[in-house]
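Each remark here refers to the structure printed beneath this line.
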Protein chains: 2
Amino acid sequence: MKIALASDHAAVDLKADLVRWLREQGHDVTDLGPQGAGSVDYPDYGYRLAAALADGSAEYGVALCGSGIGIAIAMNRHPAVRCAQVSEPLSASFARSHNDANAIALGARLIGPEMAKACVAAFLGTQFEAGRHQRRVDMLSHPSISQEQA
Amino acid sequence: MKIALASDHAAVDLKADLVRWLREQGHDVTDLGPQGAGSVDYPDYGYRLAAALADGSAEYGVALCGSGIGIAIAMNRHPAVRCAQVSEPLSASFARSHNDANAIALGARLIGPEMAKACVAAFLGTQFEAGRHQRRVDMLSHPSISQEQA
């Protein structure tokens, strides 16, 4: 799978750990930064990862910041992104099966590296169920149309 | 506070419980639906709540669905919304202090009513810290500008 990761400074160590772990599994992994520990703004990196999903250079995204909250909001500004902020594997699995999420956001200050890996594994290992969920996912891709219909 | 709530069918009971509990505390509460248990599409109700935040008819929003994931994605399509999907009070507090979130999303199939109330209480009871967080919050309000700058 083509997987891209991005973070802010609070999560560079967790990002490096996940990049290494995903490459060991044979995935095609792109690290969109940052590389150092200097302070950066999470929206910049969230938008960068959203763009990689939108242009197809990545199939799945893993977004990381201190809580996972800010970068998840940034990611979901893009209609091509469905990013679920999760802290345990059950939600990571639902994000795929019900929401066809193409990204998850994790909080490096809230969960540890093994829990983060369990979330990513559940996310990548779960198939979208489609069916009744497909219409709702389509509505997320065209928010202005859905807003007019609501 | 002026608080609006919206959900899908999976969370109508939790929504009713939270509406009652928030009114008991003296808040000005608007229930944006749905009212029955019939199947609805969470994007419709997420967009409805996002519109209430954008037009100022609500200061804060509580969005509910089965996992909290889908309705959080829908909410965050709107640049006036910063919606944090949370399952415990610490994240709900960070959503306010760091991200100036104006909405939280909760999963009625993942957390119980007392945990949901603890999340809402932490969310409503925490102030935004501004400072270095303000610039990042501003970037979430103008995603196209930030994307050009990135």
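Labels used: A, B, ... for chains in the order of the structure tokens, numbers from 1 for residues in each chain, and numbers from 1 for ligands as shown.
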
Q: Pull the strand (DSSP E or B) assignments for chain A out of DSSP run on the backbone, and list those residues as a ChimeraX atom specification.
A: /A:2-7,28-31,60-65,83-85,103-107

How would the residues just picked look written out with C-alpha atoms as a PDB file, in the first residue's frame?
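The new file result.pdb reads:
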```
ATOM      1  CA  LYS A   2       1.091   3.608  -0.661  1.00  0.00           C
ATOM      2  CA  ILE A   3       0.979   5.287   2.739  1.00  0.00           C
ATOM      3  CA  ALA A   4       1.994   8.860   3.583  1.00  0.00           C
ATOM      4  CA  LEU A   5       2.606  10.271   7.045  1.00  0.00           C
ATOM      5  CA  ALA A   6       2.788  13.840   8.335  1.00  0.00           C
ATOM      6  CA  SER A   7       2.932  15.330  11.801  1.00  0.00           C
ATOM      7  CA  ASP A  28       5.521   2.117   0.044  1.00  0.00           C
ATOM      8  CA  VAL A  29       5.891   4.853   2.678  1.00  0.00           C
ATOM      9  CA  THR A  30       6.330   8.604   2.163  1.00  0.00           C
ATOM     10  CA  ASP A  31       7.323  10.810   5.094  1.00  0.00           C
ATOM     11  CA  TYR A  60      -3.823   6.107   2.960  1.00  0.00           C
ATOM     12  CA  GLY A  61      -2.611   8.773   5.359  1.00  0.00           C
ATOM     13  CA  VAL A  62      -1.470   8.761   8.967  1.00  0.00           C
ATOM     14  CA  ALA A  63      -1.606  12.219  10.558  1.00  0.00           C
ATOM     15  CA  LEU A  64       0.004  12.904  13.924  1.00  0.00           C
ATOM     16  CA  CYS A  65       0.093  15.821  16.338  1.00  0.00           C
ATOM     17  CA  CYS A  83      -9.787  11.445   8.462  1.00  0.00           C
ATOM     18  CA  ALA A  84     -10.777   9.769  11.741  1.00  0.00           C
ATOM     19  CA  GLN A  85      -9.104  10.853  14.952  1.00  0.00           C
ATOM     20  CA  ALA A 103      -6.648   8.696   6.935  1.00  0.00           C
ATOM     21  CA  ILE A 104      -6.371   8.400  10.687  1.00  0.00           C
ATOM     22  CA  ALA A 105      -5.091  10.978  13.142  1.00  0.00           C
ATOM     23  CA  LEU A 106      -3.310   9.965  16.339  1.00  0.00           C
ATOM     24  CA  GLY A 107      -2.208  11.994  19.365  1.00  0.00           C
TER      25      GLY A 107
END
```

Q) Residues at most 8 Å from Ala80 (chain A), counting only C-alpha atoms, excluding those fewer than 6 positions away in the same chain, as a PyMOL selection string? A) chain A and resi 50+53-54+141

Selection from above, N, CA and C atoms, as a PDB file, in the first residue's frame, can you write it?
```pdb
ATOM      1  N   ALA A  50      -3.210  15.927   3.072  1.00  0.00           N
ATOM      2  CA  ALA A  50      -4.496  15.924   2.354  1.00  0.00           C
ATOM      3  C   ALA A  50      -4.262  16.017   0.851  1.00  0.00           C
ATOM      4  N   LEU A  53      -3.226  12.696  -0.611  1.00  0.00           N
ATOM      5  CA  LEU A  53      -4.365  11.789  -0.783  1.00  0.00           C
ATOM      6  C   LEU A  53      -5.199  12.221  -1.994  1.00  0.00           C
ATOM      7  N   ALA A  54      -5.395  13.516  -2.138  1.00  0.00           N
ATOM      8  CA  ALA A  54      -6.240  14.036  -3.221  1.00  0.00           C
ATOM      9  C   ALA A  54      -5.629  13.763  -4.591  1.00  0.00           C
ATOM     10  N   SER A 141     -18.177  13.737   0.227  1.00  0.00           N
ATOM     11  CA  SER A 141     -17.304  14.157  -0.865  1.00  0.00           C
ATOM     12  C   SER A 141     -17.847  15.363  -1.610  1.00  0.00           C
TER      13      SER A 141
END
```

Q | Selection near Val120 (chain A), 9 Å with only C-alpha atoms, sequence-local residues under 4 positions removed, as a VMD selection string | A | chain A and resid 18 62 89 92 104 115 to 116 124 to 125

Taking only C-alpha atoms into account, produce a table as a Markdown table in which each residue of chain B with an atom at most 8 Å from an atom of chain A appears once, together with its shortest atom pair and the distance in Å to one decimal, ordered by chain and rising number.
```
| residue | atom | partner | partner_atom | distance |
| --- | --- | --- | --- | --- |
| B:Asp41 | CA | A:Arg136 | CA | 6.1 |
| B:Tyr42 | CA | A:Arg136 | CA | 7.1 |
| B:Pro43 | CA | A:Met139 | CA | 6.5 |
| B:Asp44 | CA | A:Ala150 | CA | 5.4 |
| B:Tyr45 | CA | A:Ala150 | CA | 7.9 |
| B:Tyr47 | CA | A:Gln147 | CA | 6.1 |
| B:Arg48 | CA | A:Ala150 | CA | 7.2 |
| B:Ser67 | CA | A:Ser91 | CA | 6.9 |
| B:Ile69 | CA | A:Ala84 | CA | 5.7 |
| B:Gly70 | CA | A:Asn99 | CA | 6.1 |
| B:Ile73 | CA | A:Asn76 | CA | 6.0 |
| B:Ala74 | CA | A:Leu140 | CA | 6.0 |
| B:Asn76 | CA | A:Asn76 | CA | 5.7 |
| B:Arg77 | CA | A:Arg77 | CA | 5.0 |
| B:His78 | CA | A:Arg77 | CA | 7.1 |
| B:Pro79 | CA | A:Arg77 | CA | 6.9 |
| B:Arg82 | CA | A:Ile73 | CA | 6.3 |
| B:Cys83 | CA | A:Ile73 | CA | 6.9 |
| B:Ala84 | CA | A:Ile69 | CA | 5.8 |
| B:Gln85 | CA | A:Gln85 | CA | 6.4 |
| B:Ser91 | CA | A:Ser67 | CA | 6.9 |
| B:Phe94 | CA | A:Ser67 | CA | 7.3 |
| B:Ala95 | CA | A:Ile69 | CA | 6.6 |
| B:Asn99 | CA | A:Gly70 | CA | 6.1 |
| B:Arg136 | CA | A:Asp41 | CA | 6.1 |
| B:Met139 | CA | A:Pro43 | CA | 6.5 |
| B:Leu140 | CA | A:Ala74 | CA | 6.0 |
| B:Pro143 | CA | A:Arg77 | CA | 6.9 |
| B:Ser146 | CA | A:Asp44 | CA | 6.7 |
| B:Gln147 | CA | A:Tyr47 | CA | 6.1 |
| B:Ala150 | CA | A:Asp44 | CA | 5.4 |
```
